[in-house]
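Here the structure comes first, spelled out in structure tokens, and everything after it is commentary.
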Amino acid sequence: MEGPDSETIACRVQAVLSAIRQAAEKAGRPAETIRLVAATKTVTVERIRQGLDAGLSILGENRVQEAIPKIRVFEGAPVRWHFIGQLQRRKVRSIIGLFELIHSVDSLELAQEIDRRAAEAGLVQEVLLEVNVGGEATKAGFHPDALEAMVPVMAQLPHLRIKGLMTIPPPTPRAEDARIYFQKLRSLRDTIAARCVSGVVMQELSMGMSNDYRVAIEEGATLVRVGSAIFGARHG
Ligand SMILES: *Cc1c(COP(=O)(O)O)cnc(C)c1O
């Protein structure tokens with residue numbers, strides 16, 4: 001999906017934003033209900049700056065030790081940071097207060113640690129619950145069948161606010177093949193929302209990456225995480 005190297009980051013940002021608007025229109029959804037999270041793992045500060053100048057406003061980072069120095073560089077800039085990678089419990093303390101949204105809460109233990117550290121910092125951390133929609137053995141996330149029972153337990157944590165669900169589906173050769181996984185996440189979200197668990201706002205669906213964000217938007221994504229379609233292929 002990424003353009004040739006001669007294409008600038010600015011042009012690619014414009015192309016992705018316009019593809020988001022088109023997919024929204026096709027799905028009969030207002031484009032404002034979909035936010036672009038630019039996935040910036042391994043992307044240099046200089047290239048991130050070009051992306052911000054071109055209109056990016058939310059950046060998603062995967063690794064704590066890579067994210068913290070970048071966040072410092074852009075202090076004061078109109079940018080919000082999301083954490084989208086796998087988060088180790090022992091790293092939670094160092095990121096509390098830095099990220100508007102953590103997309104990747106994948107266990108009760110991690111939720112409890114975030115709650116504890118957010119309480120110490122005197123804030124409420126907004127999170128998404130990561131779901132392993134494909135039930136893959138090696139992938140992080142709650143098993144779809146286990147999620148419904150876990151939500152009321154995590155909803156009790158006063159310094160954690162559950163805003164929705166996130167998934168990384170199994171790799172598929174064609175974007176269209178990912179549709180069933182996006183539908184599954186959406187239907188889980190709707191099931192949980194219908195149970196009206198107090199304090200749980202099931203509004204966000206974080207799904208779709210460079211190759212399949214258009215399909216994800218058709219299936220209800222509110223946050224798409226796009227990296228290589230903006231910054232080019234990652235090396236290393
Ligand atoms: C890298 C990454 C993305 C973006 O992937 P691309 O295929 O480069 O768009 C999205 N989500 C997560 C969790 C990632 O680690």
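Residue numbering restarts at 1 in every chain; chains get A, B, ... in the order shown in the structure tokens, and ligands count up from 1 in that same order.
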
Ligand 1 neighbours within 7 Å using only C-alpha atoms and all ligand atoms, as a tab-separated table (two decimals) with N, CA and C atoms, in the first residue's frame:
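Once everything was written out, this is part37.tsv:
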chain	number	residue	atom	x	y	z
A	39	ALA	N	1.29	5.19	13.32
A	39	ALA	CA	2.18	4.28	14.04
A	39	ALA	C	3.63	4.66	13.73
A	41	LYS	N	6.64	3.62	15.32
A	41	LYS	CA	7.78	2.81	15.77
A	41	LYS	C	8.89	2.84	14.71
A	62	ASN	N	5.05	1.89	20.21
A	62	ASN	CA	5.01	0.51	20.69
A	62	ASN	C	5.93	0.20	21.85
A	84	ILE	N	0.41	1.66	21.73
A	84	ILE	CA	-0.27	0.60	20.95
A	84	ILE	C	0.45	-0.74	21.02
A	85	GLY	N	1.61	-0.79	21.65
A	85	GLY	CA	2.39	-2.03	21.68
A	85	GLY	C	2.12	-2.85	22.93
A	168	ILE	N	-5.51	-6.83	16.64
A	168	ILE	CA	-4.62	-7.05	15.50
A	168	ILE	C	-4.99	-8.43	14.96
A	209	MET	N	-4.93	-1.48	9.84
A	209	MET	CA	-3.57	-0.99	9.67
A	209	MET	C	-3.40	-0.63	8.17
A	210	SER	N	-2.16	-0.38	7.75
A	210	SER	CA	-1.96	0.14	6.39
A	210	SER	C	-2.71	-0.64	5.30
A	211	ASN	N	-2.70	-1.95	5.42
A	211	ASN	CA	-3.25	-2.75	4.32
A	211	ASN	C	-4.76	-2.89	4.35
A	225	ARG	N	-4.83	2.47	12.92
A	225	ARG	CA	-3.41	2.62	13.25
A	225	ARG	C	-2.59	2.37	11.99
A	226	VAL	N	-2.06	3.44	11.42
A	226	VAL	CA	-1.42	3.32	10.11
A	226	VAL	C	0.04	3.76	10.19
A	227	GLY	N	0.96	2.87	9.81
A	227	GLY	CA	2.38	3.18	9.85
A	227	GLY	C	3.00	3.26	8.47
A	228	SER	N	3.22	2.10	7.84
A	228	SER	CA	4.02	2.07	6.61
A	228	SER	C	3.37	2.84	5.45
A	229	ALA	N	2.06	2.94	5.41
A	229	ALA	CA	1.42	3.70	4.33
A	229	ALA	C	1.75	5.18	4.42

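Every protein or nucleic acid residue with an atom no more than 12 Å from Gln203 in chain A, counting only C-alpha atoms and leaving out same-chain residues fewer than 2 positions away, appears here: Thr33, Ile34, Val127, Leu128, Leu129, Arg161, Ile162, Lys163, Gly164, Leu165, Met166, Arg186, Leu188, Arg189, Asp190, Ile192, Ala193, Ala194, Val200, Val201, Leu205, Ser206, Gly220, Ala221, Thr222 and Leu223 of chain A.
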
Output file for the selection above: C-alpha atoms, as a JSON list (two decimals), in the first residue's frame:
[["chain", "number", "residue", "atom", "x", "y", "z"],
["A", 33, "THR", "CA", -15.98, 9.57, 13.90],
["A", 34, "ILE", "CA", -12.71, 8.06, 12.65],
["A", 127, "VAL", "CA", -7.61, 2.22, 27.93],
["A", 128, "LEU", "CA", -8.81, -0.21, 25.30],
["A", 129, "LEU", "CA", -8.92, -3.95, 25.84],
["A", 161, "ARG", "CA", -11.53, 3.85, 32.20],
["A", 162, "ILE", "CA", -12.40, 1.31, 29.55],
["A", 163, "LYS", "CA", -13.26, 3.08, 26.29],
["A", 164, "GLY", "CA", -13.51, 0.17, 23.86],
["A", 165, "LEU", "CA", -11.67, -2.66, 22.15],
["A", 166, "MET", "CA", -8.60, -3.12, 19.98],
["A", 186, "ARG", "CA", -17.52, -4.98, 16.52],
["A", 188, "LEU", "CA", -18.13, -8.19, 20.84],
["A", 189, "ARG", "CA", -18.16, -4.44, 21.47],
["A", 190, "ASP", "CA", -21.91, -4.30, 20.86],
["A", 192, "ILE", "CA", -20.59, -5.73, 25.96],
["A", 193, "ALA", "CA", -22.15, -2.30, 25.42],
["A", 194, "ALA", "CA", -25.62, -3.87, 25.63],
["A", 200, "VAL", "CA", -17.62, 1.30, 30.83],
["A", 201, "VAL", "CA", -17.98, 3.38, 27.66],
["A", 205, "LEU", "CA", -12.92, 0.21, 18.03],
["A", 206, "SER", "CA", -9.19, 0.35, 17.28],
["A", 220, "GLY", "CA", -16.97, 0.42, 12.32],
["A", 221, "ALA", "CA", -13.38, 1.32, 13.25],
["A", 222, "THR", "CA", -13.11, 4.58, 15.21],
["A", 223, "LEU", "CA", -9.31, 4.47, 15.45]]

_Backbone-only DSSP, alpha helix (DSSP H) members of range 187-225 of chain A, as a ChimeraX atom specification_ = /A:187-194,213-218

Residue contacts of range 156-158 of chain A (10 Å, only C-alpha atoms) excluding same-chain residues fewer than 2 positions away, as a PyMOL selection string | chain A and resi 111-112+114-116+118-119+123-125+151-154+160-162+197-200

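Note that the spacing between CA of Met207 in chain A and CA of Phe182 in chain A amounts to 7.0 Å.
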